[in-house]
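Engineer: What follows is the file data37.tsv, containing TSV, C-alpha atoms:
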```tsv
chain	number	residue	atom	x	y	z
A	2	MET	CA	38.27	49.48	-92.08
A	3	VAL	CA	34.97	49.12	-93.95
A	4	PHE	CA	33.17	52.00	-95.64
A	5	THR	CA	29.43	51.63	-95.40
A	6	ASP	CA	26.10	53.38	-95.60
A	7	SER	CA	24.34	50.69	-93.54
A	8	LEU	CA	24.24	52.67	-90.29
A	9	PRO	CA	20.85	54.07	-89.19
A	10	LEU	CA	21.72	57.70	-89.93
A	11	VAL	CA	19.42	60.34	-91.39
A	12	PRO	CA	20.63	62.18	-93.33
A	13	LEU	CA	23.47	59.94	-94.45
A	14	PRO	CA	26.81	61.63	-93.67
A	15	ALA	CA	29.25	62.53	-96.44
A	16	ARG	CA	31.91	60.05	-95.25
A	17	VAL	CA	31.53	57.12	-92.87
A	18	ALA	CA	34.31	54.70	-91.97
A	19	VAL	CA	33.16	51.79	-89.79
A	20	GLU	CA	35.64	49.74	-87.78
A	21	ASP	CA	35.07	46.40	-86.07
A	22	GLY	CA	33.45	46.43	-82.64
A	23	THR	CA	31.52	48.83	-80.50
A	24	LEU	CA	32.26	51.27	-77.71
A	25	ARG	CA	30.29	50.35	-74.60
A	26	ILE	CA	28.88	53.38	-72.77
A	27	PRO	CA	27.90	52.61	-69.18
A	28	SER	CA	27.84	56.36	-68.41
A	29	VAL	CA	29.39	59.52	-69.78
A	30	ARG	CA	31.68	62.33	-68.73
A	31	ILE	CA	31.23	65.26	-71.12
A	32	GLU	CA	33.85	67.98	-71.54
A	33	GLY	CA	34.16	70.95	-73.85
A	34	HIS	CA	31.75	73.47	-75.35
A	35	PRO	CA	29.47	74.36	-72.36
A	36	ALA	CA	26.09	74.89	-74.06
A	37	THR	CA	26.33	71.79	-76.25
A	38	ALA	CA	27.73	69.73	-73.35
A	39	ALA	CA	24.77	70.71	-71.13
A	40	LEU	CA	22.28	69.72	-73.83
A	41	LEU	CA	23.99	66.38	-74.46
A	42	ARG	CA	24.22	65.68	-70.72
A	43	ARG	CA	20.47	66.16	-70.36
A	44	GLU	CA	19.77	63.78	-73.25
A	45	LEU	CA	22.21	61.09	-72.07
A	46	ALA	CA	21.34	61.29	-68.34
A	47	PRO	CA	18.74	58.49	-68.41
A	48	LYS	CA	21.33	56.09	-69.84
A	49	GLY	CA	23.17	55.87	-66.44
A	50	GLY	CA	25.96	53.48	-65.38
A	51	GLU	CA	29.18	53.21	-63.35
A	52	ASP	CA	32.31	53.59	-65.51
A	53	ALA	CA	32.36	56.87	-67.39
A	54	VAL	CA	33.28	57.16	-71.07
A	55	GLY	CA	34.70	60.54	-71.97
A	56	ILE	CA	33.01	62.65	-74.63
A	57	VAL	CA	35.03	65.65	-75.75
A	58	LEU	CA	33.23	68.43	-77.63
A	59	SER	CA	35.20	71.15	-79.39
A	60	ILE	CA	34.90	73.75	-82.13
A	61	GLU	CA	37.66	74.15	-84.69
A	62	GLY	CA	37.03	76.54	-87.56
A	63	ASP	CA	38.67	74.53	-90.36
A	64	GLY	CA	36.33	73.20	-93.03
A	65	PRO	CA	32.83	73.89	-94.33
A	66	ALA	CA	30.18	75.63	-92.25
A	67	GLU	CA	28.00	73.33	-90.12
A	68	GLY	CA	30.46	70.46	-90.66
A	69	TYR	CA	31.71	68.09	-87.98
A	70	VAL	CA	33.89	65.04	-87.31
A	71	LEU	CA	32.65	62.29	-84.98
A	72	ASP	CA	35.25	59.77	-83.86
A	73	THR	CA	34.38	56.78	-81.64
A	74	SER	CA	37.42	54.69	-82.59
A	75	GLY	CA	39.48	55.58	-79.50
A	76	PRO	CA	38.88	54.99	-75.80
A	77	GLY	CA	36.29	57.79	-75.76
A	78	ILE	CA	34.22	59.88	-78.15
A	79	ARG	CA	35.40	63.06	-79.80
A	80	ILE	CA	33.10	65.44	-81.70
A	81	THR	CA	34.73	68.39	-83.43
A	82	GLY	CA	32.42	70.94	-85.03
A	83	ARG	CA	33.50	73.55	-87.56
A	84	ASP	CA	31.13	75.93	-85.75
A	85	ALA	CA	28.44	75.66	-83.04
A	86	ALA	CA	25.88	74.31	-85.52
A	87	GLY	CA	28.29	71.64	-86.72
A	88	LEU	CA	29.03	70.60	-83.14
A	89	TYR	CA	25.29	70.32	-82.45
A	90	TYR	CA	24.77	68.23	-85.60
A	91	GLY	CA	27.61	65.94	-84.50
A	92	THR	CA	25.78	65.28	-81.23
A	93	ARG	CA	22.60	64.45	-83.17
A	94	THR	CA	24.54	61.86	-85.16
A	95	LEU	CA	25.95	60.39	-81.94
A	96	LEU	CA	22.43	60.04	-80.53
A	97	GLN	CA	21.31	58.25	-83.71
A	98	LEU	CA	24.21	55.78	-83.36
A	99	LEU	CA	23.51	55.06	-79.69
A	100	HIS	CA	21.76	51.72	-79.24
A	101	ARG	CA	20.81	49.42	-76.38
A	102	THR	CA	22.40	45.99	-76.04
A	103	ASP	CA	22.19	43.29	-73.37
A	104	ASP	CA	25.25	44.88	-71.72
A	105	GLY	CA	23.88	48.43	-71.76
A	106	TRP	CA	24.34	51.29	-74.22
A	107	SER	CA	26.94	51.32	-76.98
A	108	VAL	CA	27.91	52.95	-80.27
A	109	PRO	CA	29.71	51.41	-83.24
A	110	ARG	CA	33.39	52.23	-83.78
A	111	VAL	CA	33.19	54.86	-86.52
A	112	LEU	CA	34.86	57.89	-87.99
A	113	ILE	CA	32.29	60.21	-89.55
A	114	GLU	CA	33.07	63.39	-91.46
A	115	ASP	CA	30.05	65.36	-92.51
A	116	ALA	CA	28.91	68.75	-93.75
A	117	PRO	CA	25.58	69.74	-95.28
A	118	ARG	CA	25.29	69.35	-99.03
A	119	PHE	CA	22.73	72.18	-99.12
A	120	ALA	CA	22.89	75.47	-97.21
A	121	TYR	CA	19.08	75.70	-96.95
A	122	ARG	CA	17.48	72.59	-95.48
A	123	GLY	CA	13.90	73.51	-94.71
A	124	VAL	CA	10.78	71.91	-93.37
A	125	MET	CA	7.23	73.27	-93.31
A	126	LEU	CA	4.46	72.87	-90.77
A	127	ASP	CA	0.97	73.82	-91.93
A	128	VAL	CA	-0.97	75.04	-88.90
A	129	ALA	CA	-3.43	77.00	-91.03
A	130	ARG	CA	-5.24	73.89	-92.30
A	131	HIS	CA	-4.37	71.48	-89.49
A	132	PHE	CA	-4.36	72.62	-85.87
A	133	PHE	CA	-1.49	71.47	-83.62
A	134	ASP	CA	-1.12	72.32	-79.95
A	135	VAL	CA	2.07	73.94	-78.62
A	136	ASP	CA	3.61	70.65	-77.42
A	137	ASP	CA	3.14	69.07	-80.86
A	138	VAL	CA	4.76	72.07	-82.56
A	139	LYS	CA	7.71	71.94	-80.14
A	140	ALA	CA	8.12	68.19	-80.72
A	141	PHE	CA	8.04	68.79	-84.49
A	142	ILE	CA	10.73	71.48	-84.22
A	143	ASP	CA	12.91	69.25	-82.02
A	144	ARG	CA	12.61	66.34	-84.46
A	145	ALA	CA	13.41	68.60	-87.43
A	146	ALA	CA	16.53	69.86	-85.62
A	147	ASP	CA	17.54	66.26	-84.84
A	148	LEU	CA	17.38	65.55	-88.58
A	149	LYS	CA	19.58	68.60	-89.24
A	150	PHE	CA	16.99	70.86	-90.88
A	151	ASN	CA	18.02	74.49	-90.44
A	152	HIS	CA	14.95	76.47	-91.56
A	153	LEU	CA	11.35	76.28	-90.36
A	154	HIS	CA	8.44	77.57	-92.42
A	155	LEU	CA	5.23	77.93	-90.42
A	156	HIS	CA	2.18	78.21	-92.66
A	157	LEU	CA	-0.03	80.31	-90.36
A	158	THR	CA	-2.92	81.47	-92.50
A	159	ASP	CA	-4.79	80.47	-95.63
A	160	ASP	CA	-8.29	80.71	-97.04
A	161	GLN	CA	-9.21	77.50	-95.15
A	162	GLY	CA	-8.94	79.07	-91.72
A	163	TRP	CA	-7.58	81.58	-89.28
A	164	ARG	CA	-6.23	80.22	-85.99
A	165	ILE	CA	-5.85	83.36	-83.89
A	166	GLN	CA	-8.94	84.79	-82.22
A	167	ILE	CA	-8.99	88.60	-82.23
A	168	ASP	CA	-11.91	90.07	-80.29
A	169	SER	CA	-12.15	93.18	-82.48
A	170	TRP	CA	-12.31	90.96	-85.63
A	171	PRO	CA	-14.74	88.14	-84.70
A	172	LEU	CA	-15.52	87.17	-88.30
A	173	LEU	CA	-11.93	85.89	-88.79
A	174	THR	CA	-12.66	82.85	-86.63
A	175	GLU	CA	-16.42	82.59	-87.27
A	176	ARG	CA	-16.13	81.97	-90.99
```
Translate this structure into structure tokens?
Structural biologist:
Amino acid sequence: MVFTDSLPLVPLPARVAVEDGTLRIPSVRIEGHPATAALLRRELAPKGGEDAVGIVLSIEGDGPAEGYVLDTSGPGIRITGRDAAGLYYGTRTLLQLLHRTDDGWSVPRVLIEDAPRFAYRGVMLDVARHFFDVDDVKAFIDRAADLKFNHLHLHLTDDQGWRIQIDSWPLLTER
């Protein structure tokens, strides 16, 4: 077993043990936590295939908040979250590991144990100075969640501009 930080993971997990080989994923069968399973099913659906690899999602309360264990060393994939957030973060790590090969989709054989090093992991979007449409804001939020940020600061107003038109206060958007 080799310990490495060479996998394409952001942020880098606390502990990563890489084994030889990969787990080929022609298609998936997801069991466990219903809400997280539905989300993961939707994201993995385009990957298709014939033989199903089992993904088991579960929550076990031992360990630090928002922590998880991702194990791809067996015949299937097991993600165990310490809570719902940890389970979600484990699925984000799995999606980062998933890569396309000539034979289809696969993930490396790994055992990952992770928990956030900081309770507050925030990101800011400044829509006061730079206008973004709703789809861009949603894409930004989705990407921040994929990278395991847990707080969003929206900078809505500043002296450079006001983005909400209020008919009874026309000077807010005129000046």
Engineer: Show which residues sit within 9 Å of A:Gly64, as a compact mmCIF listing (two decimals) with C-alpha atoms, keeping the file's coordinate frame. Count all atoms listed in the file, and ignore same-chain residues fewer than 4 positions away.
Structural biologist:
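Just written: result-v8.txt:
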```txt
# COMPACT_ATOMS: atom_id res chain seq x y z
CA GLY A 68 30.46 70.46 -90.66
CA TYR A 69 31.71 68.09 -87.98
CA ARG A 83 33.50 73.55 -87.56
CA ALA A 116 28.91 68.75 -93.75
```
Engineer: Taking into account only C-alpha atoms, which residue in the set A:Gly62, A:Pro76, A:Pro27, A:Pro109 is nearest to A:Ser7?
Structural biologist: A:Pro109
Engineer: Could you pull the residues within 12 Å of A:Arg16, counting all atoms listed in the file, minus those fewer than 3 positions along the same chain, as a PyMOL selection string?
Structural biologist: chain A and resi 3-6+8+10+12-13+19+68-72+111-117
Engineer: Using atom CA of A:Ala15 and atom CA of A:Arg118 as the two end points, give the distance in Å to one decimal.
Structural biologist: 8.3 Å
Engineer: Between atom CA of A:Leu157 and atom CA of A:Ala129, what is the distance in Å, rounded to a tenth?
Structural biologist: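 Separation of atom CA of A:Leu157 and atom CA of A:Ala129: 4.8 Å.
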Engineer: What's the separation between atom CA of A:Val54 and atom CA of A:Ile78, in Å to one decimal place?
Structural biologist: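 Spanning atom CA of A:Val54 to atom CA of A:Ile78 is a straight-line distance of 7.6 Å.
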Engineer: Would you mind listing what lies within 9 Å of A:Lys149 as a PDB file with C-alpha atoms, keeping the file's coordinate frame, with all atoms listed in the file counted and same-chain residues fewer than 3 positions away left out?
Structural biologist:
```
ATOM      1  CA  VAL A  11      19.420  60.340 -91.390  1.00  0.00           C
ATOM      2  CA  PRO A  12      20.630  62.180 -93.330  1.00  0.00           C
ATOM      3  CA  TYR A  90      24.770  68.230 -85.600  1.00  0.00           C
ATOM      4  CA  ARG A  93      22.600  64.450 -83.170  1.00  0.00           C
ATOM      5  CA  PRO A 117      25.580  69.740 -95.280  1.00  0.00           C
ATOM      6  CA  ARG A 122      17.480  72.590 -95.480  1.00  0.00           C
ATOM      7  CA  ARG A 144      12.610  66.340 -84.460  1.00  0.00           C
ATOM      8  CA  ALA A 145      13.410  68.600 -87.430  1.00  0.00           C
ATOM      9  CA  ALA A 146      16.530  69.860 -85.620  1.00  0.00           C
TER      10      ALA A 146
END
```
Engineer: Kindly indicate which residue among A:His154, A:Arg79, A:Arg30, A:His131 lies nearest to A:Arg110, using all atoms listed in the file for the distances.
Structural biologist: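 Of the candidates, the smallest distance to A:Arg110 is held by A:Arg79.
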Engineer: Taking into account only C-alpha atoms, which residue in the set A:Val17, A:Val124, A:Leu45, A:Ala38 is nearest to A:Asn151?
Structural biologist: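 Smallest distance to A:Asn151 is found for A:Val124.
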Engineer: Which is closest to A:Pro14 among A:Leu95, A:Val128, A:Asp63, A:Gln166, if we use only C-alpha atoms?
Structural biologist: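 Smallest distance to A:Pro14 is found for A:Leu95.
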Engineer: As a VMD selection string, please: the residues near A:Gly33 (cut-off 10 Å, all atoms listed in the file, same-chain neighbours under 2 positions excluded).
Structural biologist: chain A and resid 31 35 to 39 56 to 60 79 to 81
Engineer: Calculated over all atoms listed in the file, which of the candidates A:Asp127, A:Glu61, A:Glu67, A:Glu175 has the smallest distance to A:Thr158?
Structural biologist: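 The shortest atom-to-atom distance to A:Thr158 comes from A:Asp127.
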Engineer: Pick the closest to A:Lys139 from A:Ala120, A:Arg176, A:Leu99, A:Leu126: which is it, counting all atoms listed in the file?
Structural biologist: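 Closest candidate: A:Leu126.
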Engineer: Hey, can you pull every residue with an atom no more than 9 Å from (31.4, 48.8, -74.9), using all atoms listed in the file, and send it as a VMD selection string?
Structural biologist: chain A and resid 22 to 27 104 to 109
Engineer: Will you model all heavy atoms for stretch 116-127 of chain A and pass it back as a JSON list (two decimals), keeping the file's coordinate frame?
Structural biologist:
```
[["chain", "number", "residue", "atom", "x", "y", "z"],
["A", 116, "ALA", "N", 29.28, 67.35, -93.57],
["A", 116, "ALA", "CA", 28.91, 68.75, -93.75],
["A", 116, "ALA", "C", 27.68, 68.76, -94.65],
["A", 116, "ALA", "O", 27.52, 67.88, -95.49],
["A", 116, "ALA", "CB", 30.04, 69.55, -94.38],
["A", 117, "PRO", "N", 26.80, 69.71, -94.46],
["A", 117, "PRO", "CA", 25.58, 69.74, -95.28],
["A", 117, "PRO", "C", 25.90, 69.90, -96.77],
["A", 117, "PRO", "O", 26.80, 70.64, -97.15],
["A", 117, "PRO", "CB", 24.83, 70.97, -94.77],
["A", 117, "PRO", "CG", 25.42, 71.28, -93.46],
["A", 117, "PRO", "CD", 26.83, 70.80, -93.49],
["A", 118, "ARG", "N", 25.14, 69.20, -97.57],
["A", 118, "ARG", "CA", 25.29, 69.35, -99.03],
["A", 118, "ARG", "C", 24.53, 70.58, -99.54],
["A", 118, "ARG", "O", 24.80, 71.08, -100.61],
["A", 118, "ARG", "CB", 24.78, 68.10, -99.73],
["A", 118, "ARG", "CG", 25.68, 66.88, -99.47],
["A", 118, "ARG", "CD", 25.14, 65.65, -100.09],
["A", 118, "ARG", "NE", 24.99, 64.40, -99.42],
["A", 118, "ARG", "CZ", 25.26, 64.04, -98.18],
["A", 118, "ARG", "NH1", 25.72, 64.89, -97.33],
["A", 118, "ARG", "NH2", 25.05, 62.83, -97.74],
["A", 119, "PHE", "N", 23.54, 71.02, -98.75],
["A", 119, "PHE", "CA", 22.73, 72.18, -99.12],
["A", 119, "PHE", "C", 22.71, 73.17, -97.96],
["A", 119, "PHE", "O", 22.51, 72.79, -96.81],
["A", 119, "PHE", "CB", 21.29, 71.74, -99.45],
["A", 119, "PHE", "CG", 21.22, 70.71, -100.52],
["A", 119, "PHE", "CD1", 21.04, 69.37, -100.20],
["A", 119, "PHE", "CD2", 21.35, 71.06, -101.86],
["A", 119, "PHE", "CE1", 20.99, 68.40, -101.18],
["A", 119, "PHE", "CE2", 21.30, 70.10, -102.85],
["A", 119, "PHE", "CZ", 21.12, 68.76, -102.51],
["A", 120, "ALA", "N", 22.88, 74.45, -98.26],
["A", 120, "ALA", "CA", 22.89, 75.47, -97.21],
["A", 120, "ALA", "C", 21.50, 75.64, -96.61],
["A", 120, "ALA", "O", 21.36, 75.84, -95.41],
["A", 120, "ALA", "CB", 23.38, 76.79, -97.78],
["A", 121, "TYR", "N", 20.45, 75.55, -97.43],
["A", 121, "TYR", "CA", 19.08, 75.70, -96.95],
["A", 121, "TYR", "C", 18.45, 74.31, -96.89],
["A", 121, "TYR", "O", 18.28, 73.64, -97.90],
["A", 121, "TYR", "CB", 18.28, 76.59, -97.91],
["A", 121, "TYR", "CG", 16.87, 76.88, -97.44],
["A", 121, "TYR", "CD1", 16.59, 78.09, -96.81],
["A", 121, "TYR", "CD2", 15.83, 75.98, -97.62],
["A", 121, "TYR", "CE1", 15.31, 78.38, -96.37],
["A", 121, "TYR", "CE2", 14.55, 76.26, -97.18],
["A", 121, "TYR", "CZ", 14.30, 77.45, -96.56],
["A", 121, "TYR", "OH", 13.03, 77.74, -96.13],
["A", 122, "ARG", "N", 18.13, 73.88, -95.67],
["A", 122, "ARG", "CA", 17.48, 72.59, -95.48],
["A", 122, "ARG", "C", 16.22, 72.86, -94.67],
["A", 122, "ARG", "O", 16.25, 72.92, -93.45],
["A", 122, "ARG", "CB", 18.42, 71.61, -94.75],
["A", 122, "ARG", "CG", 19.70, 71.38, -95.54],
["A", 122, "ARG", "CD", 20.71, 70.55, -94.80],
["A", 122, "ARG", "NE", 20.97, 70.95, -93.43],
["A", 122, "ARG", "CZ", 21.76, 71.98, -93.07],
["A", 122, "ARG", "NH1", 22.35, 72.70, -94.00],
["A", 122, "ARG", "NH2", 21.97, 72.26, -91.80],
["A", 123, "GLY", "N", 15.11, 73.04, -95.37],
["A", 123, "GLY", "CA", 13.90, 73.51, -94.71],
["A", 123, "GLY", "C", 12.83, 72.47, -94.57],
["A", 123, "GLY", "O", 12.79, 71.47, -95.27],
["A", 124, "VAL", "N", 11.94, 72.74, -93.63],
["A", 124, "VAL", "CA", 10.78, 71.91, -93.37],
["A", 124, "VAL", "C", 9.61, 72.84, -93.10],
["A", 124, "VAL", "O", 9.80, 73.94, -92.58],
["A", 124, "VAL", "CB", 11.06, 70.94, -92.20],
["A", 124, "VAL", "CG1", 11.31, 71.69, -90.92],
["A", 124, "VAL", "CG2", 9.96, 69.92, -92.03],
["A", 125, "MET", "N", 8.40, 72.42, -93.50],
["A", 125, "MET", "CA", 7.23, 73.27, -93.31],
["A", 125, "MET", "C", 6.21, 72.58, -92.42],
["A", 125, "MET", "O", 6.00, 71.37, -92.52],
["A", 125, "MET", "CB", 6.57, 73.60, -94.64],
["A", 125, "MET", "CG", 5.40, 74.56, -94.49],
["A", 125, "MET", "SD", 4.54, 74.91, -96.01],
["A", 125, "MET", "CE", 3.31, 73.63, -96.00],
["A", 126, "LEU", "N", 5.57, 73.35, -91.58],
["A", 126, "LEU", "CA", 4.46, 72.87, -90.77],
["A", 126, "LEU", "C", 3.26, 73.74, -91.08],
["A", 126, "LEU", "O", 3.31, 74.96, -90.96],
["A", 126, "LEU", "CB", 4.81, 72.95, -89.28],
["A", 126, "LEU", "CG", 3.74, 72.44, -88.31],
["A", 126, "LEU", "CD1", 3.44, 70.97, -88.57],
["A", 126, "LEU", "CD2", 4.18, 72.66, -86.88],
["A", 127, "ASP", "N", 2.18, 73.11, -91.53],
["A", 127, "ASP", "CA", 0.97, 73.82, -91.93],
["A", 127, "ASP", "C", -0.02, 73.83, -90.77],
["A", 127, "ASP", "O", -0.77, 72.88, -90.57],
["A", 127, "ASP", "CB", 0.35, 73.14, -93.15],
["A", 127, "ASP", "CG", -0.85, 73.87, -93.71],
["A", 127, "ASP", "OD1", -1.35, 74.80, -93.04],
["A", 127, "ASP", "OD2", -1.30, 73.52, -94.80]]
```
